[in-house]
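For reference, the structure is listed below as structure tokens.
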Amino acid sequence: MNIDLYDNVCKEELFKEVFNQHSNDLYKFLYYKYGEENNPHDLVQEAFLKLWDNCKKVTPDKARSFLFTVANNQMLNEISKQKTRINYSKEDHKTHSDESPEYVYRENEYMEQLKKALEELSEEQRVTFLLNRVEGKKHQEIADMLGISRKAVEKRIYTALRILREKVEGL
Amino acid sequence: MSEKYIEKWLNGELSEQEKQEFENSPEFESLKKLTSSIEKFKAPELDKEKEWERIKATIYDNSNEKSKKSVQWFPTFIKVAAAIAIIATAYIYFFTNNITTISTSVAEKKTVVLPDSSIVILNSLSSITYDDSNWDNQREVKMEGEALFTVKKGSKFEVKSSSGTIKVLGTEFNVRERGSLFEVICYEGLVQVNKGNEEVRLTSNKIFSSLAGKSSVKEKATGITPHLASNESAFYSVPFKEVLNEFERQYQVDISSKNIDLQRDFTGKFTHTDIDLALKSITVPLDLSYKINGGKVILSKK
């Protein structure tokens, strides 16, 4: 289905196609930006419902930037905003049964520190850094999501890394 | 390890040799640990199927509640209703029993277009009042000060001032009511002036003037255009005092006129745009000289 042939996204199959193409990226974006305490699932729903409400005005090729613009502005004034929490997957203990308790302890300490440092980054720094380092998104792709320049994305990634290193390694 | 290297490494811009150098540096270990640990923070994948069902349910719900059509046009209907409400309110507010007053301050002139597109040029320190809503039935303007009227042909048009009433059908005339001076100049058509029990009909180029209760009708030289329209004040046998008063209103100045006969008749005009030229116009014919000193003008005999 070549969705670019349509001039708006009001048709249900078309809207579903748009959802399938962009929902995961949007979810990741919201998750890294606001953390999982702020219900990124619901924010995704909200953004797509907004797209549906405005479906007549949005062409398929504009849908992605519409969604990310909405996502960028979501929770701007939200009073109920929760503290950002980012979680990491705890490794299965069985596979590491041969590690010394000291090693396990140090490892946990490190991860906790890193978690705290990530949570303390600004929303923009965190979402930029994690999309790049964890999701492997290209700089240009992130720049498009955030509506900023590629240079700015590179600068944010670098700044975020510097802050993390300072906090985690005490550099 | 230079900061530049880290930046290049992040952007994947290191050359083979630089890369080797970088990977052998002591900090690389910790950097590698950091970046690989970061990967554990990967967000869980979105359950697209489940989320799509949720969205569908919400959309379906919304369109079921209001019926699909009303979703589309209800907001439009609200907009139209609001627009009508605003227009209706504005209409009631502005057009029913609505009295309009327009006034000017010192050294200010205004051109007013009345509802029937008759035009009034309002001189400084003057005002007109008229009823917008009743205009079609009664063309009536109350005025103070001085104004030039260019009246569209039609039903009776009345100008009321405290000194008298002017009735016309369609013409151009100037009304000046300053202090004890009441003057009507008819430029075109026919004007009827009522003052007390007096009733005077003025044809074009006639001037009705009343000074301290004494009325007279004069004829002005033909071909003189309405002075307000050309940014001038013109006088036809008017006491010099009134001329100076008008000058003060136009230029926002104080005129001192010791030892000068202020009751002398003056005929002539002065411009509103050039104070020097204007002063010459009023002093030279009477053989006077003037000095400007800040906001003061001193007149003296030559």
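The way I read the labels, and the way they are meant: chains A, B, ... in the order of the structure tokens, residue 1 as the first residue of every chain, and ligand 1 as the first ligand shown, with later ones counted on from there.
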Practice task
Compute the set of chain B residues within 10 Å of chain A, using only C-alpha atoms, and express it as number ranges by chain.
Solution key: B: 3, 6-8, 10-11, 30-31, 34-49, 51-52, 54-56, 58-59, 71-72
Handout entry: All alpha helix (DSSP H) residues (DSSP, backbone) inside stretch 117-165 of chain A, as a VMD selection string
Key = chain A and resid 117 to 120 123 to 133 139 to 146 150 to 165
Practice task
Select from stretch 70-279 of chain B everything DSSP, run on the backbone, classes as strand (DSSP E or B), then give the selection as a ChimeraX atom specification.
Solution key: /B:99-103,110-113,119-122,127-131,139-150,157-160,165-168,172-178,181-188,191-195,198-202,206-211,214-219,232-239,254-256,265-271
Exercise for the section: Select, from A:Lys116, A:Asn38, A:Leu30, A:His22, the residue with the minimum atom-to-atom distance to A:Thr128, counting only C-alpha atoms. Expected result: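 Among the listed residues, the smallest separation from A:Thr128 belongs to A:Leu30.
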Extract, using only C-alpha atoms, all DNA, RNA and protein residues at most 7 Å from B:Thr104, discarding same-chain residues fewer than 2 positions from it, and format them as a PDB file with N, CA, C and O atoms, in the first residue's frame.
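That gives us around_7.pdb:
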ATOM      1  N   VAL B 106      -7.216  70.151  20.421  1.00  0.00           N
ATOM      2  CA  VAL B 106      -6.483  71.284  19.845  1.00  0.00           C
ATOM      3  C   VAL B 106      -5.590  70.799  18.702  1.00  0.00           C
ATOM      4  O   VAL B 106      -4.992  69.728  18.780  1.00  0.00           O
ATOM      5  N   GLU B 108      -6.167  69.463  15.963  1.00  0.00           N
ATOM      6  CA  GLU B 108      -6.511  68.173  15.371  1.00  0.00           C
ATOM      7  C   GLU B 108      -7.716  68.366  14.456  1.00  0.00           C
ATOM      8  O   GLU B 108      -8.592  69.176  14.727  1.00  0.00           O
ATOM      9  N   LYS B 109      -7.719  67.641  13.343  1.00  0.00           N
ATOM     10  CA  LYS B 109      -8.881  67.671  12.463  1.00  0.00           C
ATOM     11  C   LYS B 109      -9.289  66.237  12.159  1.00  0.00           C
ATOM     12  O   LYS B 109      -8.447  65.341  12.144  1.00  0.00           O
ATOM     13  N   LYS B 110     -10.587  66.058  11.962  1.00  0.00           N
ATOM     14  CA  LYS B 110     -11.032  64.705  11.622  1.00  0.00           C
ATOM     15  C   LYS B 110     -12.024  64.772  10.476  1.00  0.00           C
ATOM     16  O   LYS B 110     -12.807  65.722  10.387  1.00  0.00           O
ATOM     17  N   SER B 124     -10.518  71.779  14.701  1.00  0.00           N
ATOM     18  CA  SER B 124      -9.992  71.572  16.047  1.00  0.00           C
ATOM     19  C   SER B 124     -11.025  71.962  17.107  1.00  0.00           C
ATOM     20  O   SER B 124     -11.834  72.844  16.906  1.00  0.00           O
ATOM     21  N   LEU B 125     -10.945  71.288  18.246  1.00  0.00           N
ATOM     22  CA  LEU B 125     -11.810  71.545  19.392  1.00  0.00           C
ATOM     23  C   LEU B 125     -13.283  71.623  18.993  1.00  0.00           C
ATOM     24  O   LEU B 125     -13.975  72.577  19.330  1.00  0.00           O
ATOM     25  N   SER B 126     -13.727  70.648  18.249  1.00  0.00           N
ATOM     26  CA  SER B 126     -15.109  70.625  17.799  1.00  0.00           C
ATOM     27  C   SER B 126     -15.655  69.218  18.029  1.00  0.00           C
ATOM     28  O   SER B 126     -14.899  68.283  18.232  1.00  0.00           O
ATOM     29  N   SER B 127     -16.977  69.102  17.982  1.00  0.00           N
ATOM     30  CA  SER B 127     -17.517  67.755  18.110  1.00  0.00           C
ATOM     31  C   SER B 127     -18.846  67.657  17.379  1.00  0.00           C
ATOM     32  O   SER B 127     -19.558  68.644  17.206  1.00  0.00           O
TER      33      SER B 127
END
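Atom CA of A:Arg156 lies 5.6 Å from atom CA of A:Gln125.
We find atom CA of B:Asn231 and atom CA of B:Val112 to be spaced 15.4 Å apart.
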Exercise for the section: Go ahead and compute the interatomic distance for atom CA of B:Lys142 and atom CA of B:Gly268, in Å to one decimal. Expected result: 27.9 Å
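With distances restricted to only C-alpha atoms, A:Arg64 is the closest residue to A:Glu17 from A:Arg126, A:Arg64, A:Arg150, A:Arg85.
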